[in-house]
Amino acid sequence: MSTALPADTLPREFADALDAEPNSPQRRRFIAAAAAALALEYARPIMAAANPTPDAAALPPRRGGTLLLIAQPEPPSLINALTPHVASQYVGGKIFQGLLTFDTNLKPVPVLASSWTASPDGLHYVFTLQKDVRWHDGQPFDAQDVVFTLNEIAPQALPRMKLTVDRYFESITANSAGQVEIRLKKPYGGLFDLLGSGLLPILPRHLYAGKDPRSNPANQHPIGTGPFVFKEWKHGAYIRLERNPSYWKKDLPYLDGIVFNILPDASSRAIAFEQNTVHALRAGDVDYADVKRLSKLPGVSYTTSGWELFSGMAFLELNQRKPPFDNALVRQAVLHALNRQFIVDNIFFGYGKVATSSFISTTPFYDPNTPQFPYDPDRARALIRQSGVDVGKTTLTLINGEKGGAWERVAEYTQQALSQVGFKIRVETTDAASWYSHVANWDFDLSYNFLFQNADPEFGVAPLYRADGISKGSPFNNAEGYDNPKVDALWDAAAQTTDTSRRKQIYAQIQTQLANDAAIANIFEMVNPTLYRSNVHNLLRTATSLNDSLETTWIG
Amino acid sequence: MRGFVFSVLSRLGKAFLVVLSVVVVNFFLIRLAPGDPAMVLAGDAGSGDAAYVAHLRDSLGLSRPLSEQFFVYLRNLLHLDFGYSYRSQEAVLTLVLERLPATLLLMAAAFVVSLLGGVAAGLVAAYGETRASRWQHWISRGISAGSLLVYATPLFWLSLMLLIVFSVVLGWLPSFGMETVSAGYTGWRHLADVAAHLTLPALSLGMIYGTVYVQLTRAAVLDVIGLDFVKTARAKGVPEHRVLFVHVLRNALLSVISFGGIQLGQLAGGALITETVFAWPGLGSLMFDSLLQRDYPVLLGILTVVSALVVAFNVLTDLLYRLADPRIAAGVTA
């Protein structure tokens, strides 16, 4: 599955990184991995000498230096307000800013909005903006920029934003130059996620008003309010940003600049990190097999934090429009037939946690009492017998969108495991575009996918299960065809409730029902490792991974 | 002279037809591949909305009949308008021209490495085989075996091995890119920096293709070296190096030149892999990304430009033939 972009929002570094080589033959991957392993082994003494590990906490921030990162894939555009692509958010997140972001505890923290208030009925929000903020071209930033971006840019650029605006938003207006007011038709629990996930950076009205945003010449030289200004983009090679000398936060950023190197090959990325020619590797930049070894190198730090807003859930979609998966008992049998711990331990090298609900266990609305379907092939066979369905009657097709990598191995394992309980499975491996086409047109029996669940289930979970998400055209909605009006009503109720404890109750009901219906075979929660040089500090300070502005990042 | 001009014009006319055929075939061939660019873009935008996909298809012109799309493309192409990238919305010609110099530089460097290295090694191998000394025989066999070994090595693997040895272990050469971005070099230092970055990609690509020259040159030299005119030259007391380079090599070069023309097309294909491994910012990586994204205009633009280049190189090869072997020119003018 190479290209899994979540249904609304959704960053997906893994998928994009995997996109770079879905056509690679398995042999090539093997050779590449072996070569990288050799490279790492050889280079160890060099790195040891080059990278002393300082005590980060004890050191004051140091100014200067250029942070060397990898942009993979190359972003289609740097205007992340217009291109909701994770690669655009990653680079554009240093140039453009939104109203708020989330800390690693998933608490909203101010960015361009200094504070906000909400009415008790959840229908009226007022955002007070930071003072003395200027665009990179020197023009002042004010509430009209925010109103213009939310009213005119976002509905064009983000397809689901238009649906959200139509469904929930009454008006977005400027009370004054420093204050924006949002009025809703009905309470909307996902509002802060929408504003803080990096999808809605504010664009300069003076450059975009009255012009076609996609063909605007300003797109070639992005002008934002962020800590770094655009300097140069040599396509296929690098993107260079420089320190914003007039940044509205005093004395920030610490870095002189950031260079995003464009490195299409995973083994080359591993070697570049090994050589200390890049400072950090994001999740998905290198094969899982390499992560553990690289993390043990001297002078290298490793963390799985900083991805709280983009917790990934890997799942197996079972097409419920036709036998045998139109039967819930058969779908439950699939869950019992798969040893999900084996998948996590042996295919993803331990970077994961077996799923225990349709909600990721680290998200606020996760219910630990959700019914479980542990590995038990005998139970799987019993459920199939009970269903009365002849699961081996026809050969089922498992569409796999990545060749040679972990997802192909998962597909092969699934084929073997399900054959043990009577299924006949054929794995069809394609490239990403073909996979899109198959799944979006419901031309599959089984398909692996993964989505990053934002903190709010309204964004990252609901589109997968709601009946109004059943439409051809995208693999990131309800492609499996699950249709339960009772659950749909619960989703509506949860979205329109601002009381957290009430929402939690409703979401618990949803999780139980989804589990019993085996609406989707949730496999494991993905763990996103980030590797970085130990002399780089404050790299992951928010829940938005390296999409963060990096304004306080410094090199020791 | 008139004949020569006519010949050149005739070759150019045929070349135009070949490029046109390539455009036509590629236009339809690309669309036979499963996958829909609008769906890929919609997926990137996180849309599950069928109406959005339909809107994208309309805006990209994909909902028009294929024949109409084709004629619009062809008409625009005649005005050198290659269209816009679906993904980045930038003009295809701009994207291609931005990447073309890097690919041409890599191809040229690899071509020089393969041609000079291959011909030299082939000449040494063939010459050694004709000599009585045992060590010369061993050198000859070593070159032949070595070239076969390199030829059988996957380009991707060879590139990685060179990367590990010269970049990681020895630390002599940079591992990726075309320049050291953060260094800000200018002038000669910049040129030296680019040359350092070029060395490994050119070497890996050149080594693979150079092996064919080794075998070709060796075989051709062995064929020629026993011919009567060579014996005559030696009998007349012509110095051995002159016999070898002027009499033998020039006559042996025809097959090498023929292959050179063909090889430039292959080099473009090999450059795709090399560019990926070394993150060389050329057309190869752009083509790879465009293929995955089903970015038809960019793919077609690259294929058209590359095919035009290959055809141009082949025309050039034909002309070089005349310089290498005056009999061909004589045959045309007769």
# chains A, B, ... in the order shown; residues from 1 in each chain; ligands from 1
call {"tool": "interface_residues", "arguments": {"of": "chain B", "to": "chain A", "cutoff": "8 Å", "atoms": "only C-alpha atoms", "output": "PyMOL selection string"}}
result
chain B and resi 34-37+39-40+42-50+52-53+87-89+95+98-99+156-157+160-161+164+168-169+175-178+181-182+276-282+285-286+289+292-294
call {"tool": "select_by_dssp", "arguments": {"residues": "range 60-211 of chain A", "states": "alpha helix (DSSP H)", "output": "JSON, numbers by chain"}}
result
{"A": [86, 87, 88, 89, 90, 91, 92, 143, 144, 145, 146, 147, 148, 154, 155, 156, 157, 159, 160, 161, 162, 163, 164, 165, 166, 167, 168, 191, 192, 193, 194, 195, 196, 205, 206, 207, 208]}
call {"tool": "closest_residue", "arguments": {"among": "A:Val147, A:Leu451, A:Val439, A:Leu194", "to": "Gly178 in chain A", "atoms": "only C-alpha atoms"}}
result
A:Val147
call {"tool": "atom_distance", "arguments": {"atom1": "CA of Lys231 in chain A", "atom2": "CA of Ile79 in chain A"}}
result
14.1 Å
call {"tool": "atom_distance", "arguments": {"atom1": "CA of Leu149 in chain B", "atom2": "CA of Ala289 in chain A"}}
result
29.5 Å
call {"tool": "atom_distance", "arguments": {"atom1": "CA of Ser147 in chain B", "atom2": "CA of Thr211 in chain B"}}
result
4.9 Å
call {"tool": "residues_around", "arguments": {"residues": "range 263-273 of chain B", "least_positions_apart": "6", "cutoff": "9 Å", "atoms": "only C-alpha atoms", "output": "list in words"}}
result
Thr103, Leu104, Leu106, Met107, Ala108, Ala110, Phe111, Leu155, Phe156, Pro201, Leu205, Gly206, Tyr209, Gly282, Leu283, Gly284, Ser285, Leu286, Met287, Phe288, Val306, Ser307, Leu309, Val310, Val311, Phe313 and Asn314 of chain B
call {"tool": "residues_around", "arguments": {"residues": "Asn369 in chain A", "least_positions_apart": "4", "cutoff": "10 Å", "atoms": "only C-alpha atoms", "output": "PDB file with N, CA and C atoms, in the first residue's frame"}}
result
ATOM      1  N   THR A 356      -6.471  -3.174  19.264  1.00  0.00           N
ATOM      2  CA  THR A 356      -7.473  -3.727  20.170  1.00  0.00           C
ATOM      3  C   THR A 356      -8.807  -3.003  20.008  1.00  0.00           C
ATOM      4  N   SER A 357      -8.880  -2.131  19.013  1.00  0.00           N
ATOM      5  CA  SER A 357     -10.126  -1.416  18.737  1.00  0.00           C
ATOM      6  C   SER A 357      -9.989  -0.775  17.366  1.00  0.00           C
ATOM      7  N   ALA A 508     -17.431   4.838  22.712  1.00  0.00           N
ATOM      8  CA  ALA A 508     -17.282   3.472  23.238  1.00  0.00           C
ATOM      9  C   ALA A 508     -18.325   2.550  22.602  1.00  0.00           C
ATOM     10  N   GLN A 511     -17.221   1.768  19.092  1.00  0.00           N
ATOM     11  CA  GLN A 511     -16.113   0.805  19.023  1.00  0.00           C
ATOM     12  C   GLN A 511     -16.609  -0.620  19.243  1.00  0.00           C
ATOM     13  N   THR A 512     -17.542  -0.783  20.172  1.00  0.00           N
ATOM     14  CA  THR A 512     -18.082  -2.116  20.438  1.00  0.00           C
ATOM     15  C   THR A 512     -18.829  -2.644  19.213  1.00  0.00           C
TER      16      THR A 512
END
call {"tool": "residues_around", "arguments": {"residues": "Ser144 in chain B", "least_positions_apart": "6", "cutoff": "9 Å", "atoms": "only C-alpha atoms", "output": "PyMOL selection string"}}
result
chain B and resi 121-122+125+211+214-215+218
call {"tool": "write_last_selection", "arguments": {"atoms": "N, CA and C atoms", "output": "PDB file, in the first residue's frame"}}
result
ATOM      1  N   ALA B 121      40.530  -0.768 -22.874  1.00  0.00           N
ATOM      2  CA  ALA B 121      40.657  -2.105 -22.294  1.00  0.00           C
ATOM      3  C   ALA B 121      40.523  -3.171 -23.377  1.00  0.00           C
ATOM      4  N   GLY B 122      39.613  -2.952 -24.322  1.00  0.00           N
ATOM      5  CA  GLY B 122      39.417  -3.920 -25.406  1.00  0.00           C
ATOM      6  C   GLY B 122      40.648  -4.029 -26.275  1.00  0.00           C
ATOM      7  N   ALA B 125      43.274  -5.900 -24.376  1.00  0.00           N
ATOM      8  CA  ALA B 125      42.934  -7.326 -24.320  1.00  0.00           C
ATOM      9  C   ALA B 125      43.243  -8.015 -25.642  1.00  0.00           C
ATOM     10  N   THR B 211      31.718  -2.239 -20.587  1.00  0.00           N
ATOM     11  CA  THR B 211      32.056  -3.656 -20.784  1.00  0.00           C
ATOM     12  C   THR B 211      31.713  -4.120 -22.193  1.00  0.00           C
ATOM     13  N   VAL B 214      34.450  -3.136 -24.432  1.00  0.00           N
ATOM     14  CA  VAL B 214      35.616  -4.006 -24.265  1.00  0.00           C
ATOM     15  C   VAL B 214      35.491  -5.192 -25.202  1.00  0.00           C
ATOM     16  N   GLN B 215      34.356  -5.854 -25.138  1.00  0.00           N
ATOM     17  CA  GLN B 215      34.166  -7.054 -25.955  1.00  0.00           C
ATOM     18  C   GLN B 215      34.141  -6.712 -27.446  1.00  0.00           C
ATOM     19  N   ARG B 218      37.674  -5.647 -28.590  1.00  0.00           N
ATOM     20  CA  ARG B 218      38.566  -6.815 -28.596  1.00  0.00           C
ATOM     21  C   ARG B 218      38.304  -7.680 -29.827  1.00  0.00           C
TER      22      ARG B 218
END
